[in-house]
>>> print(open('protein38.cif').read())   # mmCIF, C-alpha atoms
data_coords
loop_
_atom_site.label_atom_id
_atom_site.label_comp_id
_atom_site.auth_asym_id
_atom_site.auth_seq_id
_atom_site.Cartn_x
_atom_site.Cartn_y
_atom_site.Cartn_z
CA MET P 1 247.17 23.55 72.35
CA ALA P 2 247.30 23.31 68.56
CA PRO P 3 245.66 20.33 66.87
CA THR P 4 247.64 17.49 65.35
CA ASP P 5 247.93 18.01 61.60
CA VAL P 6 248.18 14.89 59.45
CA TYR P 7 249.67 15.23 55.99
CA GLY P 8 249.05 12.27 53.72
CA SER P 9 247.94 11.23 50.28
CA THR P 10 244.17 11.17 49.79
CA PRO P 11 244.60 9.67 46.30
CA GLY P 12 246.79 7.01 47.90
CA ARG P 13 244.03 6.04 50.32
CA VAL P 14 241.48 6.01 47.50
CA LEU P 15 243.77 3.84 45.38
CA THR P 16 244.24 1.45 48.31
CA ALA P 17 240.48 1.06 48.67
CA ALA P 18 240.03 0.61 44.91
CA THR P 19 242.80 -2.01 44.83
CA ALA P 20 241.17 -3.90 47.70
CA VAL P 21 237.79 -3.92 45.93
CA ALA P 22 239.38 -5.07 42.66
CA ALA P 23 241.33 -7.81 44.46
CA VAL P 24 238.21 -9.20 46.14
CA ALA P 25 236.27 -9.06 42.86
CA LEU P 26 239.07 -10.84 41.00
CA VAL P 27 239.34 -13.66 43.53
CA ALA P 28 235.54 -14.04 43.66
CA ALA P 29 235.38 -14.19 39.85
CA LEU P 30 238.08 -16.87 39.71
CA ALA P 31 236.64 -19.02 42.50
CA PRO P 32 234.15 -21.03 40.37
CA ASP P 33 236.65 -21.74 37.59
CA VAL P 34 239.94 -22.68 39.25
CA GLY P 35 241.16 -25.31 41.67
CA PRO P 36 241.96 -24.66 45.34
CA ARG P 37 245.70 -24.29 44.75
CA ASP P 38 245.24 -21.70 42.00
CA LEU P 39 242.67 -19.88 44.11
CA VAL P 40 245.11 -19.68 47.02
CA LEU P 41 247.76 -18.36 44.62
CA ALA P 42 245.38 -15.71 43.27
CA ALA P 43 244.26 -14.71 46.76
CA SER P 44 247.82 -14.41 48.08
CA LEU P 45 248.95 -12.32 45.09
CA ALA P 46 245.86 -10.11 45.35
CA ALA P 47 246.45 -9.60 49.07
CA LEU P 48 250.12 -8.80 48.37
CA ALA P 49 249.08 -6.16 45.82
CA VAL P 50 246.69 -4.54 48.31
CA LEU P 51 249.34 -4.61 51.05
CA GLY P 52 251.90 -3.06 48.70
CA VAL P 53 249.62 -0.21 47.61
CA TRP P 54 248.57 0.49 51.21
CA ALA P 55 252.17 0.41 52.53
CA THR P 56 253.56 2.68 49.81
CA LEU P 57 250.64 5.05 49.16
CA GLY P 58 247.87 4.66 51.73
CA ARG P 59 249.60 4.60 55.11
CA PRO P 60 252.58 6.99 54.77
CA CYS P 61 252.00 10.41 56.31
CA VAL P 62 253.57 13.14 58.39
CA GLU P 63 251.97 14.06 61.71
CA VAL P 64 252.83 17.40 63.29
CA SER P 65 251.73 17.97 66.90
CA ASP P 66 252.88 20.04 69.86
CA GLY P 67 254.95 17.10 71.12
CA THR P 68 256.47 15.46 68.06
CA VAL P 69 256.94 15.25 64.33
CA VAL P 70 256.11 11.72 63.17
CA LEU P 71 257.27 10.46 59.77
CA ARG P 72 255.30 7.34 58.87
CA ASN P 73 257.18 5.87 55.92
CA VAL P 74 256.93 2.59 54.00
CA THR P 75 259.09 0.37 56.19
CA ARG P 76 259.42 2.37 59.41
CA THR P 77 257.99 5.16 61.52
CA VAL P 78 260.30 7.85 62.93
CA THR P 79 259.12 9.87 65.92
CA LEU P 80 261.02 13.12 66.46
CA PRO P 81 260.42 14.92 69.78
CA TRP P 82 260.66 18.69 69.27
CA PRO P 83 263.83 19.06 71.41
CA THR P 84 265.63 16.93 68.80
CA VAL P 85 264.35 18.86 65.75
CA VAL P 86 266.89 21.29 64.27
CA GLY P 87 265.09 22.31 61.09
CA VAL P 88 263.68 21.18 57.75
CA GLU P 89 264.79 21.12 54.12
CA VAL P 90 262.89 20.75 50.88
CA GLY P 91 264.69 18.59 48.34
CA TRP P 92 263.04 15.89 46.27
CA SER P 93 261.02 15.32 49.44
CA LEU P 94 260.77 16.73 52.94
CA VAL P 95 263.87 16.20 55.09
CA VAL P 96 263.75 16.85 58.84
CA ARG P 97 267.14 17.62 60.38
CA SER P 98 267.57 16.42 63.94
CA THR P 99 270.27 16.15 66.56
CA HIS P 100 270.63 12.53 65.43
CA GLY P 101 270.75 12.86 61.66
CA ARG P 102 268.47 13.64 58.76
CA TRP P 103 265.12 11.90 58.20
CA THR P 104 263.21 11.81 54.93
CA ALA P 105 259.42 11.79 54.70
CA TRP P 106 258.11 9.39 52.04
CA ALA P 107 254.66 10.99 52.21
CA ALA P 108 255.84 14.53 51.46
CA PRO P 109 257.42 14.75 48.01
CA ARG P 110 258.38 18.08 46.51
CA GLY P 111 255.37 19.81 44.97
CA SER P 112 255.27 21.10 41.42
CA THR P 113 255.70 24.69 42.59
CA ALA P 114 258.20 26.27 44.94
CA VAL P 115 255.55 28.14 46.91
CA ARG P 116 255.83 27.60 50.64
CA GLY P 117 253.08 28.28 53.07
CA PRO P 118 250.43 26.37 54.96
CA ARG P 119 247.40 25.28 52.97
CA ARG P 120 244.40 24.66 55.13
CA GLY P 121 242.55 21.41 54.66
CA VAL P 122 239.57 19.72 56.22
CA ARG P 123 239.13 17.53 59.24
CA ASP P 124 240.22 13.98 58.54
CA ASP P 125 238.17 12.42 61.32
CA GLU P 126 236.83 14.81 63.92
CA ARG P 127 235.41 12.02 66.05
CA SER P 128 238.74 10.21 66.41
CA GLY P 129 240.65 13.42 67.18
CA ALA P 130 243.18 12.38 64.54
CA GLY P 131 243.64 15.97 63.46
CA ARG P 132 243.34 17.73 60.15
CA ARG P 133 244.42 15.87 57.05
CA ARG P 134 246.10 18.21 54.58
CA PRO P 135 247.79 18.01 51.17
CA ALA P 136 251.23 16.50 51.64
CA THR P 137 253.88 18.34 49.67
CA ALA P 138 257.34 18.96 51.06
CA GLN P 139 256.81 22.73 50.88
CA VAL P 140 253.51 22.69 52.78
CA VAL P 141 254.72 20.34 55.52
CA ALA P 142 258.03 22.22 55.88
CA ALA P 143 256.11 25.47 56.37
CA GLU P 144 253.97 23.86 59.08
CA ILE P 145 257.00 22.44 60.88
CA ASP P 146 258.83 25.80 60.66
CA GLU P 147 255.76 27.57 62.02
CA ARG P 148 255.27 25.11 64.88
CA LEU P 149 258.99 25.15 65.74
CA ALA P 150 259.03 28.96 65.82
CA SER P 151 255.91 29.01 67.99
CA LEU P 152 257.36 26.56 70.51
CA ARG P 153 260.61 28.51 70.66
CA ALA P 154 258.80 31.83 71.10
CA ALA P 155 256.80 30.34 73.98
CA GLY P 156 260.03 29.26 75.66
CA HIS P 157 259.23 25.55 75.46
CA LEU P 158 262.50 24.76 73.68
CA ASP P 159 264.89 26.86 75.77
CA ASP P 160 268.11 24.88 76.08
CA ALA P 161 266.18 21.94 74.62
CA GLN P 162 269.05 20.19 72.88
CA ARG P 163 271.24 20.14 75.99
CA LEU P 164 268.35 18.86 78.11
CA ALA P 165 267.45 16.26 75.48
CA ALA P 166 271.01 14.96 75.50
CA ALA P 167 271.11 14.95 79.31
CA HIS P 168 267.84 12.99 79.55
CA GLY P 169 268.45 10.65 76.63
CA ILE P 170 265.68 12.07 74.45
CA THR P 171 266.31 10.84 70.92
CA PRO P 172 264.27 10.16 67.78
CA GLY P 173 262.43 6.85 68.00
CA VAL P 174 262.50 4.42 65.09
CA ARG P 175 259.92 1.64 64.84
CA TRP P 176 260.22 -0.80 61.96
CA HIS P 177 256.97 -2.01 60.41
CA THR P 178 257.74 -5.64 61.19
CA GLY P 179 254.10 -6.67 60.86
CA THR P 180 253.88 -5.31 57.33
CA LEU P 181 257.22 -6.82 56.31
CA ALA P 182 256.33 -10.19 57.86
CA SER P 183 252.92 -10.17 56.16
CA ALA P 184 254.51 -9.47 52.78
CA ALA P 185 257.03 -12.26 53.31
CA ALA P 186 254.28 -14.68 54.35
CA LEU P 187 252.16 -13.87 51.30
CA VAL P 188 255.15 -14.38 48.99
CA ALA P 189 255.89 -17.69 50.74
CA VAL P 190 252.28 -18.85 50.26
CA ALA P 191 252.35 -17.89 46.58
CA VAL P 192 255.63 -19.74 46.04
CA ALA P 193 254.41 -22.77 47.99
CA THR P 194 251.34 -23.13 45.76
CA ARG P 195 253.61 -23.53 42.74
CA VAL P 196 256.05 -25.90 44.46
CA ILE P 197 253.73 -28.28 46.30
#
>>> encode(input="protein38.cif", output="C-alpha cells")
Amino acid sequence: MAPTDVYGSTPGRVLTAATAVAAVALVAALAPDVGPRDLVLAASLAALAVLGVWATLGRPCVEVSDGTVVLRNVTRTVTLPWPTVVGVEVGWSLVVRSTHGRWTAWAAPRGSTAVRGPRRGVRDDERSGAGRRRPATAQVVAAEIDERLASLRAAGHLDDAQRLAAAHGITPGVRWHTGTLASAAALVAVAVATRVI
C-alpha cells in the first residue's frame, strides 16, 4: 500500500503562523491603551485576518492515497474516490476530471515551468501517519495522480470501475467548510457590532 501524499503550501503554513503571532502581539500591544470596545474590534479583526490567511494559504492541499484524491480548497473539500476519477489537466491550476464534472485544486497552481514528474519531498508528520508533504504545483500533483491511476488500473483495481461506481452510487463527496464560513461571519458581525453599539 502506497503512502498518502499531501501536497500543500509550506510558505502558506509559515505565513499563517507568522500572521497569528503578529495578531496576538498587536492585540497585546493595544490592550493597555484602548478601551474594551476598541480592543474587541482589534481582536476580532486580527482573528479574521488569521482565519483568512489560514483558509486561503495554510489549509488548502491535495491528498493522494490509494482510496481517494482529496481536494481541500478554501470553502469546500472534494473527495474523489478513484472509480470516479477520469484524468487530470494542468491549466492555471490542477483540474481533476471525474464522472461527475471537473474539480479545481486551489492548492496546486501551475508552476513556473512545464516540467512534469514527481518531486520527492520529506515526511510531513511521520508520527501522525499524515503522509509525505510535497511541493504543490499542478504539474507535480498531476504526475502523481497519473502515476497512481495507472498503477491502480494495472493492478486491476479499477476494472469496470465507472459502471460499478454508477451501480453502487459512488460519487465525489463535497463538504462545505461551514465552520470556517460561520466563524468569518461571526467575526465580521462582532467587528460591526463594536462600531454600532
>>> residues_around(input="protein38.cif", residues="Ser98 in chain P", least_positions_apart="2", cutoff="6 Å", atoms="all atoms listed in the file", output="JSON, numbers by chain")
{"P": [84, 85, 86, 100, 101, 102]}
>>> residues_near_point(input="protein38.cif", point="(244.9, 5.9, 52.0)", cutoff="8 Å", atoms="only C-alpha atoms", output="PyMOL selection string")
chain P and resi 8-17+54+57-59
>>> write_last_selection(input="protein38.cif", atoms="C-alpha atoms", output="PDB file, in the coordinates of the input")
ATOM      1  CA  GLY P   8     249.050  12.270  53.720  1.00  0.00           C
ATOM      2  CA  SER P   9     247.940  11.230  50.280  1.00  0.00           C
ATOM      3  CA  THR P  10     244.170  11.170  49.790  1.00  0.00           C
ATOM      4  CA  PRO P  11     244.600   9.670  46.300  1.00  0.00           C
ATOM      5  CA  GLY P  12     246.790   7.010  47.900  1.00  0.00           C
ATOM      6  CA  ARG P  13     244.030   6.040  50.320  1.00  0.00           C
ATOM      7  CA  VAL P  14     241.480   6.010  47.500  1.00  0.00           C
ATOM      8  CA  LEU P  15     243.770   3.840  45.380  1.00  0.00           C
ATOM      9  CA  THR P  16     244.240   1.450  48.310  1.00  0.00           C
ATOM     10  CA  ALA P  17     240.480   1.060  48.670  1.00  0.00           C
ATOM     11  CA  TRP P  54     248.570   0.490  51.210  1.00  0.00           C
ATOM     12  CA  LEU P  57     250.640   5.050  49.160  1.00  0.00           C
ATOM     13  CA  GLY P  58     247.870   4.660  51.730  1.00  0.00           C
ATOM     14  CA  ARG P  59     249.600   4.600  55.110  1.00  0.00           C
TER      15      ARG P  59
END
>>> axis_aligned_box(input="protein38.cif", around="range 18-31 of chain P", padding_each_side="5 Å", output="AutoDock Vina command-line options")
--center_x 239.1 --center_y -9.2 --center_z 43.7 --size_x 17.4 --size_y 29.6 --size_z 18.0
>>> closest_residue(input="protein38.cif", among="P:Arg175, P:Arg163, P:Arg153, P:Arg110", to="Val95 in chain P", atoms="all atoms listed in the file")
P:Arg110
>>> closest_residue(input="protein38.cif", among="P:Val192, P:His168, P:Ala108, P:Leu187", to="Ala46 in chain P", atoms="only C-alpha atoms")
P:Leu187
>>> atom_distance(input="protein38.cif", atom1="CA of Trp92 in chain P", atom2="CA of Gly52 in chain P")
22.1 Å
>>> residues_around(input="protein38.cif", residues="Ile145 in chain P", least_positions_apart="3", cutoff="12 Å", atoms="all atoms listed in the file", output="ChimeraX atom specification")
/P:4-7,62-70,80,82,85-90,94-97,116-118,138-142,148-152
>>> build_atoms(input="protein38.cif", residues="range 17-38 of chain P", atoms="N, CA and C atoms", output="PDB file, in the frame of the given file")
ATOM      1  N   ALA P  17     241.843   1.603  48.596  1.00  0.00           N
ATOM      2  CA  ALA P  17     240.480   1.060  48.670  1.00  0.00           C
ATOM      3  C   ALA P  17     240.068   0.446  47.345  1.00  0.00           C
ATOM      4  N   ALA P  18     240.392   1.122  46.240  1.00  0.00           N
ATOM      5  CA  ALA P  18     240.030   0.610  44.910  1.00  0.00           C
ATOM      6  C   ALA P  18     240.766  -0.694  44.621  1.00  0.00           C
ATOM      7  N   THR P  19     242.024  -0.784  45.041  1.00  0.00           N
ATOM      8  CA  THR P  19     242.800  -2.010  44.830  1.00  0.00           C
ATOM      9  C   THR P  19     242.206  -3.160  45.633  1.00  0.00           C
ATOM     10  N   ALA P  20     241.779  -2.864  46.859  1.00  0.00           N
ATOM     11  CA  ALA P  20     241.170  -3.900  47.700  1.00  0.00           C
ATOM     12  C   ALA P  20     239.878  -4.422  47.073  1.00  0.00           C
ATOM     13  N   VAL P  21     239.046  -3.509  46.574  1.00  0.00           N
ATOM     14  CA  VAL P  21     237.790  -3.920  45.930  1.00  0.00           C
ATOM     15  C   VAL P  21     238.076  -4.754  44.691  1.00  0.00           C
ATOM     16  N   ALA P  22     239.032  -4.334  43.879  1.00  0.00           N
ATOM     17  CA  ALA P  22     239.380  -5.070  42.660  1.00  0.00           C
ATOM     18  C   ALA P  22     239.945  -6.450  43.000  1.00  0.00           C
ATOM     19  N   ALA P  23     240.742  -6.533  44.058  1.00  0.00           N
ATOM     20  CA  ALA P  23     241.330  -7.810  44.460  1.00  0.00           C
ATOM     21  C   ALA P  23     240.255  -8.799  44.886  1.00  0.00           C
ATOM     22  N   VAL P  24     239.306  -8.329  45.688  1.00  0.00           N
ATOM     23  CA  VAL P  24     238.210  -9.200  46.140  1.00  0.00           C
ATOM     24  C   VAL P  24     237.371  -9.645  44.940  1.00  0.00           C
ATOM     25  N   ALA P  25     237.084  -8.729  44.043  1.00  0.00           N
ATOM     26  CA  ALA P  25     236.270  -9.060  42.860  1.00  0.00           C
ATOM     27  C   ALA P  25     236.991 -10.082  41.979  1.00  0.00           C
ATOM     28  N   LEU P  26     238.301  -9.911  41.828  1.00  0.00           N
ATOM     29  CA  LEU P  26     239.070 -10.840  41.000  1.00  0.00           C
ATOM     30  C   LEU P  26     239.053 -12.248  41.585  1.00  0.00           C
ATOM     31  N   VAL P  27     239.318 -12.351  42.891  1.00  0.00           N
ATOM     32  CA  VAL P  27     239.340 -13.660  43.530  1.00  0.00           C
ATOM     33  C   VAL P  27     237.954 -14.300  43.486  1.00  0.00           C
ATOM     34  N   ALA P  28     236.910 -13.506  43.719  1.00  0.00           N
ATOM     35  CA  ALA P  28     235.540 -14.040  43.660  1.00  0.00           C
ATOM     36  C   ALA P  28     235.195 -14.517  42.254  1.00  0.00           C
ATOM     37  N   ALA P  29     235.668 -13.800  41.235  1.00  0.00           N
ATOM     38  CA  ALA P  29     235.380 -14.190  39.850  1.00  0.00           C
ATOM     39  C   ALA P  29     236.120 -15.473  39.472  1.00  0.00           C
ATOM     40  N   LEU P  30     237.308 -15.674  40.023  1.00  0.00           N
ATOM     41  CA  LEU P  30     238.080 -16.870  39.710  1.00  0.00           C
ATOM     42  C   LEU P  30     237.602 -18.109  40.453  1.00  0.00           C
ATOM     43  N   ALA P  31     237.001 -17.912  41.614  1.00  0.00           N
ATOM     44  CA  ALA P  31     236.640 -19.020  42.500  1.00  0.00           C
ATOM     45  C   ALA P  31     235.892 -20.168  41.811  1.00  0.00           C
ATOM     46  N   PRO P  32     234.880 -19.907  40.972  1.00  0.00           N
ATOM     47  CA  PRO P  32     234.150 -21.030  40.370  1.00  0.00           C
ATOM     48  C   PRO P  32     234.945 -21.786  39.301  1.00  0.00           C
ATOM     49  N   ASP P  33     235.981 -21.174  38.767  1.00  0.00           N
ATOM     50  CA  ASP P  33     236.650 -21.740  37.590  1.00  0.00           C
ATOM     51  C   ASP P  33     238.026 -22.336  37.829  1.00  0.00           C
ATOM     52  N   VAL P  34     238.589 -22.173  39.014  1.00  0.00           N
ATOM     53  CA  VAL P  34     239.940 -22.680  39.250  1.00  0.00           C
ATOM     54  C   VAL P  34     239.948 -23.616  40.459  1.00  0.00           C
ATOM     55  N   GLY P  35     241.012 -24.403  40.539  1.00  0.00           N
ATOM     56  CA  GLY P  35     241.160 -25.310  41.670  1.00  0.00           C
ATOM     57  C   GLY P  35     241.613 -24.583  42.917  1.00  0.00           C
ATOM     58  N   PRO P  36     241.590 -25.291  44.059  1.00  0.00           N
ATOM     59  CA  PRO P  36     241.960 -24.660  45.340  1.00  0.00           C
ATOM     60  C   PRO P  36     243.369 -24.069  45.343  1.00  0.00           C
ATOM     61  N   ARG P  37     244.320 -24.790  44.736  1.00  0.00           N
ATOM     62  CA  ARG P  37     245.700 -24.290  44.750  1.00  0.00           C
ATOM     63  C   ARG P  37     245.815 -22.990  43.964  1.00  0.00           C
ATOM     64  N   ASP P  38     245.188 -22.925  42.790  1.00  0.00           N
ATOM     65  CA  ASP P  38     245.240 -21.700  42.000  1.00  0.00           C
ATOM     66  C   ASP P  38     244.479 -20.558  42.673  1.00  0.00           C
TER      67      ASP P  38
END
